[in-house]
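Text of final-v3.cif, listed as mmCIF, C-alpha atoms and all ligand atoms:
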data_work
loop_
_atom_site.label_atom_id
_atom_site.label_comp_id
_atom_site.auth_asym_id
_atom_site.auth_seq_id
_atom_site.Cartn_x
_atom_site.Cartn_y
_atom_site.Cartn_z
CA LEU P 9 -165.78 -80.23 -85.99
CA LYS P 10 -163.69 -80.14 -89.15
CA LEU P 11 -163.00 -83.84 -88.64
CA GLU P 12 -166.69 -84.63 -88.30
CA THR P 13 -167.60 -82.70 -91.45
CA GLU P 14 -164.91 -84.46 -93.46
CA LEU P 15 -165.81 -87.87 -92.00
CA ARG P 16 -169.41 -87.44 -93.12
CA SER P 17 -168.31 -87.49 -96.76
CA ALA P 18 -165.42 -89.95 -96.41
CA LEU P 19 -167.46 -92.93 -97.63
CA GLU P 20 -168.86 -91.29 -100.77
CA LYS P 21 -165.47 -89.79 -101.60
CA ASN P 22 -163.90 -93.24 -101.36
CA GLU P 23 -161.38 -92.10 -98.77
CA LEU P 24 -161.57 -95.19 -96.57
CA SER P 25 -159.51 -98.31 -97.07
CA LEU P 26 -158.49 -101.39 -95.14
CA ALA P 27 -155.01 -102.52 -94.23
CA TYR P 28 -154.52 -106.21 -93.40
CA GLN P 29 -152.10 -107.29 -90.73
CA PRO P 30 -151.11 -110.97 -91.00
CA GLN P 31 -151.63 -113.30 -88.05
CA VAL P 32 -149.11 -116.12 -87.88
CA GLN P 33 -149.23 -119.62 -86.41
CA VAL P 34 -146.37 -119.91 -83.90
CA GLU P 35 -145.45 -123.52 -84.67
CA THR P 36 -145.38 -123.30 -88.45
CA ARG P 37 -144.99 -119.54 -88.96
CA ALA P 38 -147.72 -119.83 -91.59
CA ILE P 39 -150.18 -116.98 -92.13
CA ILE P 40 -153.55 -118.19 -90.91
CA ALA P 41 -155.50 -114.94 -90.72
CA SER P 42 -155.41 -111.17 -91.01
CA GLU P 43 -156.86 -108.33 -88.99
CA ALA P 44 -158.58 -105.70 -91.12
CA LEU P 45 -157.55 -102.24 -89.93
CA LEU P 46 -159.41 -99.16 -91.09
CA ARG P 47 -157.48 -96.35 -92.76
CA TRP P 48 -158.69 -92.88 -93.71
CA ASN P 49 -156.85 -90.60 -96.09
CA ASN P 50 -158.65 -87.25 -96.33
CA GLU P 51 -157.95 -84.78 -99.11
CA ASN P 52 -157.59 -81.87 -96.67
CA LEU P 53 -156.44 -83.51 -93.44
CA GLY P 54 -154.18 -86.19 -94.88
CA PRO P 55 -154.05 -89.58 -93.16
CA VAL P 56 -156.11 -89.65 -89.95
CA SER P 57 -155.63 -92.54 -87.51
CA PRO P 58 -158.56 -94.65 -86.32
CA GLY P 59 -157.65 -93.67 -82.77
CA GLN P 60 -158.66 -90.13 -83.77
CA PHE P 61 -161.68 -90.70 -85.99
CA ILE P 62 -163.36 -93.82 -84.55
CA PRO P 63 -164.40 -91.93 -81.38
CA VAL P 64 -165.88 -89.19 -83.59
CA ALA P 65 -167.68 -91.79 -85.69
CA GLU P 66 -169.05 -93.37 -82.52
CA ARG P 67 -170.31 -90.05 -81.17
CA THR P 68 -172.13 -89.25 -84.38
CA ASP P 69 -173.46 -92.69 -85.35
CA LEU P 70 -171.36 -92.52 -88.51
CA ILE P 71 -169.87 -95.70 -87.07
CA ILE P 72 -172.85 -97.64 -88.45
CA PRO P 73 -172.38 -96.91 -92.18
CA ILE P 74 -168.60 -96.97 -91.74
CA GLY P 75 -168.73 -100.24 -89.80
CA ASN P 76 -170.99 -101.79 -92.43
CA TRP P 77 -168.58 -100.70 -95.14
CA VAL P 78 -165.68 -102.33 -93.24
CA LEU P 79 -167.59 -105.59 -92.91
CA GLU P 80 -168.53 -105.65 -96.59
CA GLU P 81 -165.05 -104.73 -97.83
CA ALA P 82 -163.34 -107.31 -95.58
CA ILE P 83 -165.77 -110.08 -96.54
CA LYS P 84 -165.55 -109.29 -100.26
CA GLN P 85 -161.76 -109.13 -100.14
CA ASN P 86 -161.32 -112.30 -98.11
CA LYS P 87 -163.58 -114.29 -100.39
CA LYS P 88 -161.39 -113.19 -103.30
CA TRP P 89 -158.30 -114.46 -101.48
CA TYR P 90 -160.03 -117.73 -100.68
CA ASP P 91 -160.80 -118.20 -104.37
CA ILE P 92 -157.23 -117.37 -105.40
CA THR P 93 -155.35 -119.39 -102.80
CA ASN P 94 -157.85 -122.09 -101.87
CA LYS P 95 -156.49 -121.67 -98.33
CA LYS P 96 -158.72 -121.07 -95.36
CA ILE P 97 -157.39 -117.69 -94.24
CA VAL P 98 -159.61 -115.95 -91.68
CA VAL P 99 -160.27 -112.20 -91.71
CA ALA P 100 -160.82 -110.49 -88.36
CA VAL P 101 -162.97 -107.33 -88.20
CA ASN P 102 -163.10 -104.91 -85.27
CA LEU P 103 -166.61 -104.06 -84.12
CA SER P 104 -167.45 -100.93 -82.19
CA PRO P 105 -169.70 -101.54 -79.14
CA ILE P 106 -172.29 -99.30 -80.83
CA GLN P 107 -172.28 -101.51 -83.89
CA PHE P 108 -172.34 -104.67 -81.81
CA LYS P 109 -175.45 -103.61 -79.86
CA ARG P 110 -177.61 -103.06 -82.94
CA SER P 111 -180.29 -105.71 -83.27
CA ASP P 112 -179.84 -105.91 -87.05
CA LEU P 113 -176.14 -106.81 -86.87
CA PRO P 114 -176.53 -110.63 -87.15
CA GLN P 115 -178.79 -110.19 -90.20
CA ILE P 116 -176.35 -107.75 -91.81
CA ILE P 117 -173.48 -110.20 -91.37
CA LYS P 118 -175.59 -113.08 -92.67
CA GLU P 119 -176.58 -111.17 -95.81
CA LEU P 120 -173.01 -110.10 -96.55
CA LEU P 121 -171.72 -113.66 -96.19
CA GLU P 122 -174.43 -114.84 -98.59
CA LYS P 123 -173.89 -111.98 -101.04
CA TYR P 124 -170.20 -112.83 -101.45
CA GLN P 125 -170.49 -116.57 -100.78
CA MET P 126 -167.85 -116.22 -98.06
CA PRO P 127 -167.64 -119.21 -95.69
CA ALA P 128 -168.77 -117.96 -92.25
CA GLU P 129 -165.89 -119.77 -90.53
CA LEU P 130 -163.50 -117.41 -92.37
CA LEU P 131 -164.94 -114.36 -90.62
CA GLU P 132 -163.97 -113.44 -87.08
CA ILE P 133 -165.30 -110.46 -85.18
CA GLU P 134 -163.25 -108.70 -82.51
CA ILE P 135 -165.07 -107.22 -79.57
CA THR P 136 -163.64 -105.61 -76.44
CA GLU P 137 -164.26 -106.55 -72.83
CA GLY P 138 -166.32 -103.40 -72.29
CA ILE P 139 -169.21 -104.88 -74.25
CA LEU P 140 -169.37 -107.83 -71.92
CA VAL P 141 -169.89 -105.95 -68.66
CA GLU P 142 -172.49 -103.47 -69.77
CA ASN P 143 -175.32 -105.83 -70.55
CA MET P 144 -174.49 -109.47 -69.98
CA GLU P 145 -177.84 -110.80 -71.11
CA GLY P 146 -178.18 -108.73 -74.27
CA THR P 147 -174.58 -109.43 -75.17
CA SER P 148 -175.05 -113.13 -74.63
CA LEU P 149 -178.05 -113.29 -76.97
CA GLN P 150 -176.30 -111.23 -79.62
CA LEU P 151 -173.19 -113.43 -79.44
CA GLU P 152 -175.29 -116.57 -79.77
CA LYS P 153 -176.96 -115.22 -82.91
CA ILE P 154 -173.61 -114.33 -84.46
CA LYS P 155 -172.01 -117.63 -83.48
CA ALA P 156 -175.00 -119.49 -84.89
CA LEU P 157 -174.03 -118.16 -88.31
CA GLY P 158 -170.68 -119.94 -87.89
CA VAL P 159 -168.72 -116.71 -87.41
CA LYS P 160 -165.84 -116.72 -84.90
CA VAL P 161 -165.57 -114.32 -81.97
CA ALA P 162 -162.35 -112.95 -80.45
CA ILE P 163 -161.86 -110.74 -77.39
CA ASP P 164 -159.63 -107.82 -78.31
CA ASP P 165 -157.31 -105.94 -75.94
CA PHE P 166 -157.73 -108.69 -73.35
CA GLY P 167 -156.67 -107.66 -69.87
CA THR P 168 -156.93 -103.91 -70.36
CA GLY P 169 -160.62 -103.59 -69.47
CA TYR P 170 -161.97 -103.82 -65.97
CA SER P 171 -164.55 -106.50 -66.43
CA SER P 172 -165.00 -109.69 -64.48
CA LEU P 173 -163.40 -112.90 -65.69
CA LYS P 174 -166.75 -114.58 -65.25
CA TYR P 175 -167.69 -113.76 -68.83
CA LEU P 176 -165.06 -116.21 -70.02
CA GLN P 177 -167.18 -118.92 -68.47
CA ASN P 178 -170.48 -117.60 -69.75
CA PHE P 179 -169.54 -117.05 -73.38
CA ASN P 180 -167.94 -119.40 -75.78
CA PHE P 181 -165.10 -117.42 -77.34
CA ASP P 182 -162.81 -118.68 -80.06
CA LYS P 183 -159.83 -116.50 -79.28
CA LEU P 184 -158.26 -114.18 -76.73
CA LYS P 185 -156.03 -111.38 -77.95
CA ILE P 186 -153.34 -110.45 -75.43
CA ASP P 187 -152.95 -106.70 -75.65
CA ARG P 188 -149.65 -105.20 -76.76
CA GLU P 189 -149.47 -103.56 -73.34
CA PHE P 190 -148.41 -106.90 -71.84
CA ILE P 191 -145.85 -107.67 -74.53
CA LYS P 192 -144.13 -104.43 -75.42
CA ASP P 193 -141.85 -104.04 -72.39
CA TYR P 194 -140.67 -107.66 -72.26
CA PRO P 195 -137.99 -108.39 -71.18
CA GLN P 196 -136.51 -104.99 -70.22
CA HIS P 197 -139.26 -103.68 -67.94
CA ASP P 198 -141.65 -106.59 -67.73
CA THR P 199 -141.08 -110.20 -66.69
CA GLY P 200 -143.99 -111.34 -68.82
CA SER P 201 -145.93 -112.46 -65.78
CA ILE P 202 -149.28 -111.10 -66.96
CA ALA P 203 -148.89 -112.59 -70.44
CA LYS P 204 -148.05 -115.94 -68.81
CA THR P 205 -151.04 -115.71 -66.51
CA ILE P 206 -153.36 -115.03 -69.44
CA LEU P 207 -151.88 -117.98 -71.37
CA ASN P 208 -152.38 -120.31 -68.40
CA LEU P 209 -155.93 -119.13 -67.88
CA ALA P 210 -156.79 -119.59 -71.56
CA ALA P 211 -155.20 -123.06 -71.61
CA GLN P 212 -157.33 -124.09 -68.62
CA MET P 213 -160.42 -122.91 -70.47
CA ASP P 214 -159.36 -124.34 -73.81
CA ILE P 215 -159.36 -120.98 -75.61
CA ASN P 216 -156.80 -120.07 -78.28
CA VAL P 217 -154.55 -117.09 -77.68
CA ILE P 218 -152.98 -114.58 -80.03
CA ALA P 219 -150.41 -112.08 -78.80
CA GLU P 220 -150.42 -108.63 -80.35
CA GLY P 221 -147.59 -106.18 -80.82
CA VAL P 222 -144.81 -108.74 -80.94
CA GLU P 223 -141.77 -106.87 -82.23
CA THR P 224 -138.71 -108.91 -81.26
CA GLN P 225 -137.39 -112.45 -81.46
CA GLU P 226 -137.08 -112.51 -77.66
CA GLN P 227 -140.78 -111.77 -77.32
CA PHE P 228 -141.62 -114.37 -79.94
CA LEU P 229 -139.55 -117.08 -78.22
CA PHE P 230 -141.00 -116.23 -74.81
CA LEU P 231 -144.53 -116.59 -76.15
CA LYS P 232 -143.67 -119.80 -77.96
CA GLU P 233 -142.24 -121.31 -74.77
CA ASN P 234 -145.43 -120.43 -72.99
CA HIS P 235 -147.59 -122.13 -75.60
CA CYS P 236 -149.08 -119.08 -77.25
CA GLN P 237 -150.63 -120.37 -80.49
CA GLN P 238 -150.62 -117.25 -82.66
CA ILE P 239 -148.73 -113.99 -83.12
CA GLN P 240 -149.60 -110.64 -84.65
CA GLY P 241 -146.88 -108.01 -84.72
CA TYR P 242 -144.16 -106.16 -86.54
CA TYR P 243 -141.72 -109.01 -85.84
CA PHE P 244 -143.48 -110.86 -88.63
CA HIS P 245 -145.55 -108.33 -90.55
CA LYS P 246 -146.84 -104.76 -90.37
CA PRO P 247 -150.35 -103.97 -91.62
CA LEU P 248 -150.27 -104.28 -95.42
CA SER P 249 -152.32 -102.91 -98.29
CA ALA P 250 -154.73 -105.42 -99.81
CA LYS P 251 -152.41 -105.68 -102.79
CA ASP P 252 -149.33 -106.43 -100.66
CA PHE P 253 -151.19 -108.92 -98.50
CA GLU P 254 -152.34 -110.73 -101.62
CA MET P 255 -148.76 -110.85 -102.90
CA LEU P 256 -147.63 -112.33 -99.62
CA LEU P 257 -150.35 -114.99 -99.78
CA THR P 258 -149.59 -115.97 -103.34
CA GLU P 259 -145.81 -115.70 -103.41
CA LYS P 260 -144.17 -118.99 -104.19
CA ILE P 261 -140.71 -119.52 -102.81
O1 LIG P 301 -154.43 -99.71 -86.93
P1 LIG P 301 -154.28 -98.92 -85.66
O2 LIG P 301 -153.25 -99.33 -84.67
O3 LIG P 301 -154.10 -97.49 -85.93
O4 LIG P 301 -155.70 -99.05 -84.92
C1 LIG P 301 -155.97 -98.31 -83.81
C2 LIG P 301 -157.28 -98.74 -83.18
O5 LIG P 301 -158.38 -98.57 -84.09
C3 LIG P 301 -157.29 -100.18 -82.74
O6 LIG P 301 -157.70 -100.21 -81.40
C4 LIG P 301 -158.32 -100.83 -83.60
O7 LIG P 301 -159.05 -101.79 -82.85
C5 LIG P 301 -159.21 -99.70 -84.03
N1 LIG P 301 -159.76 -100.02 -85.35
C6 LIG P 301 -159.08 -100.26 -86.49
N2 LIG P 301 -159.94 -100.56 -87.50
C7 LIG P 301 -161.19 -100.51 -86.98
C8 LIG P 301 -162.50 -100.74 -87.52
O8 LIG P 301 -162.70 -101.07 -88.68
N3 LIG P 301 -163.54 -100.57 -86.66
C9 LIG P 301 -163.39 -100.21 -85.36
N4 LIG P 301 -164.47 -100.07 -84.61
N5 LIG P 301 -162.17 -100.02 -84.82
C10 LIG P 301 -161.08 -100.16 -85.61
O1 LIG P 302 -156.74 -102.59 -80.64
P1 LIG P 302 -156.36 -103.41 -81.83
O2 LIG P 302 -155.81 -104.73 -81.47
O3 LIG P 302 -157.47 -103.56 -82.81
O4 LIG P 302 -155.19 -102.61 -82.54
C1 LIG P 302 -154.32 -103.18 -83.43
C2 LIG P 302 -153.27 -102.12 -83.68
O5 LIG P 302 -152.00 -102.53 -83.20
C3 LIG P 302 -153.12 -101.82 -85.14
O6 LIG P 302 -153.32 -100.45 -85.33
C4 LIG P 302 -151.69 -102.15 -85.47
O7 LIG P 302 -151.12 -101.20 -86.35
C5 LIG P 302 -151.01 -102.12 -84.11
N1 LIG P 302 -149.90 -103.06 -84.05
C6 LIG P 302 -149.89 -104.32 -84.50
N2 LIG P 302 -148.69 -104.92 -84.30
C7 LIG P 302 -147.90 -104.00 -83.71
C8 LIG P 302 -146.54 -104.02 -83.26
O8 LIG P 302 -145.82 -104.99 -83.34
N3 LIG P 302 -146.09 -102.86 -82.69
C9 LIG P 302 -146.85 -101.75 -82.58
N4 LIG P 302 -146.30 -100.67 -82.03
N5 LIG P 302 -148.14 -101.70 -82.98
C10 LIG P 302 -148.66 -102.80 -83.55
MN MN P 303 -158.28 -105.49 -82.96
NA NA P 304 -155.70 -104.96 -79.29
#
Represent the supplied structure as structure tokens.
Amino acid sequence: LKLETELRSALEKNELSLAYQPQVQVETRAIIASEALLRWNNENLGPVSPGQFIPVAERTDLIIPIGNWVLEEAIKQNKKWYDITNKKIVVAVNLSPIQFKRSDLPQIIKELLEKYQMPAELLEIEITEGILVENMEGTSLQLEKIKALGVKVAIDDFGTGYSSLKYLQNFNFDKLKIDREFIKDYPQHDTGSIAKTILNLAAQMDINVIAEGVETQEQFLFLKENHCQQIQGYYFHKPLSAKDFEMLLTEKI
């Protein structure tokens, strides 16, 4: 209850921020994107993790104003980086299923892209498998509207849901994110067989794959050998403040 009360005023008190975790191209090791990760630092509670407050936000519909703030902040920030670097770095934004289902979402995204003059191709949304099972038809229409803007769509936490693989055929996704679950125990307690299976499946369907939670060189080399295109993980970079991410993008060595 305390959490809910504090969360209600988090936006006006400017307590929310975004961290940006770099996504790296395996072949070149170049940064090609970032995932925007929401952070909340409350004056009374201290830092609260999204794992704790997102479920509260979803239960109370606070997820809508918070989600809209995340979209606006990420779009504004990424446009700034595009202007500074002149490089096409994508920003990926996590969408709650509640946010995704709202009929005004495509219009909201469209208006934000126009407001900041951010190229649509530099925005990617991350949705989870759960969205795809609940309401195939509604989801399909919503995805078409968002893709029609030119925005990219990635499936987050791939392999951890319980949905049918049929949706991979029905929807035209730009990217699959292999969940950290299938990376973290390699090679000590995991032969990597699920990660390999996902990579083969995606290759057959011509979908790009990013592996999350890559922490070691062994994991990196394993994924490279199995033709994983992109990596996100502590092995390369932890989530960074906007300032630190900008320094990384602009540093000249
Ligand atoms: O950054 P961290 O590992 O603490 O994130 C934990 C979880 O919170 C992840 O599953 C991530 O998808 C989710 N998350 C982070 N930022 C956002 C956000 O802006 N919106 C939503 N809906 N989820 C987020
Ligand atoms: O569910 P989602 O993919 O949105 O969550 C991303 C979360 O994973 C972020 O909170 C981020 O902090 C975390 N993460 C990213 N890379 C690593 C990693 O290499 N190791 C660990 N333990 N967590 C990671
Ligand atoms: Mn994510
Ligand atoms: Na994930």
Give me, as CSV, the closest atom pair and its distance (Å, one decimal) for every residue of chain P within a cut-off of 10 Å of ligand NA 304 (chain P), counting only C-alpha atoms and all ligand atoms, rows sorted by chain and rising number.
residue,atom,partner,partner_atom,distance
P:Asn102,CA,P:NA304,NA,9.5
P:Glu134,CA,P:NA304,NA,9.0
P:Ile135,CA,P:NA304,NA,9.6
P:Thr136,CA,P:NA304,NA,8.5
P:Ile163,CA,P:NA304,NA,8.7
P:Asp164,CA,P:NA304,NA,5.0
P:Asp165,CA,P:NA304,NA,3.8
P:Phe166,CA,P:NA304,NA,7.3
P:Gly167,CA,P:NA304,NA,9.8
P:Thr168,CA,P:NA304,NA,9.1
P:Leu184,CA,P:NA304,NA,9.9
P:Lys185,CA,P:NA304,NA,6.6
P:Ile186,CA,P:NA304,NA,7.1
P:Asp187,CA,P:NA304,NA,4.9
P:Arg188,CA,P:NA304,NA,6.6
P:Glu189,CA,P:NA304,NA,8.7
P:Ala219,CA,P:NA304,NA,8.9
P:Glu220,CA,P:NA304,NA,6.5
P:Gly221,CA,P:NA304,NA,8.3
P:Gln240,CA,P:NA304,NA,9.9
Restricting the calculation to only C-alpha atoms and all ligand atoms, which member of P:Glu43, P:Glu66, P:Glu226, P:Asp214 is positioned closest to ligand LIG 302 (chain P)? P:Glu43
Find the spatial neighbours of Gly200 (chain P), counting all atoms listed in the file, within a cut-off of 10 Å - ignore same-chain residues fewer than 5 positions away - and output them as an NGL selection string. :P and (190-195 or 205 or 227 or 230-231)
Could you pull out the residues sitting within 7 Å of ligand LIG 301 (chain P), using all atoms listed in the file, and write them as a PyMOL selection string? chain P and resi 44-46+57-59+62+75+78+101-104
Measuring between all atoms listed in the file, which one of P:Leu257, P:Ala210, P:Ile117, P:Ala100 shows the shortest distance to ligand MN 303 (chain P)?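 Distance minimum relative to ligand MN 303 (chain P) lands on P:Ala100.
CA of Lys10 (chain P) is found 11.3 Å from CA of Asn50 (chain P).
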Sphere at (-153.2, -119.6, -89.7), radius 8 Å, counting only C-alpha atoms: residues as a list of chain:residue names: P:Gln31, P:Val32, P:Gln33, P:Ala38, P:Ile39, P:Ile40, P:Ala41, P:Ile97, P:Val98, P:Gln238
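Atom to atom, CA of Ile71 (chain P) and atom O6 of ligand LIG 302 (chain P) stand 17.3 Å apart.
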Which residue is closest to ligand MN 303 (chain P)? Choose from P:Asn178, P:Asn234, P:Ser42, P:Ser17 and count only C-alpha atoms and all ligand atoms. P:Ser42
Two-atom distance - CA of Tyr28 (chain P), atom C4 of ligand LIG 302 (chain P) (Å):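 Result for CA of Tyr28 (chain P) versus atom C4 of ligand LIG 302 (chain P): 9.3 Å, one decimal.
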Spatial neighbours of Val56 (chain P), 12 Å, all atoms listed in the file, chain gap at least 2 places, as a VMD selection string: chain P and resid 11 to 12 14 to 15 18 23 to 25 46 to 54 58 to 62 64
From the set P:Thr93, P:Ser201, P:Thr224, P:Gln212, which residue has the shortest atom-to-atom contact distance to Ile239 (chain P), counting all atoms listed in the file?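 Closest residue, counting all atoms listed in the file: P:Thr224.
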Could you tell me which of P:Leu130, P:Ile106, P:Leu229, P:Leu149 comes closest to Pro63 (chain P) if we count all atoms listed in the file?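 Among the listed residues, the smallest separation from Pro63 (chain P) belongs to P:Ile106.
The residue that comes closest to ligand MN 303 (chain P), out of P:Lys84, P:Lys183, P:Lys96, P:Lys155 and on the basis of all atoms listed in the file, is P:Lys183.
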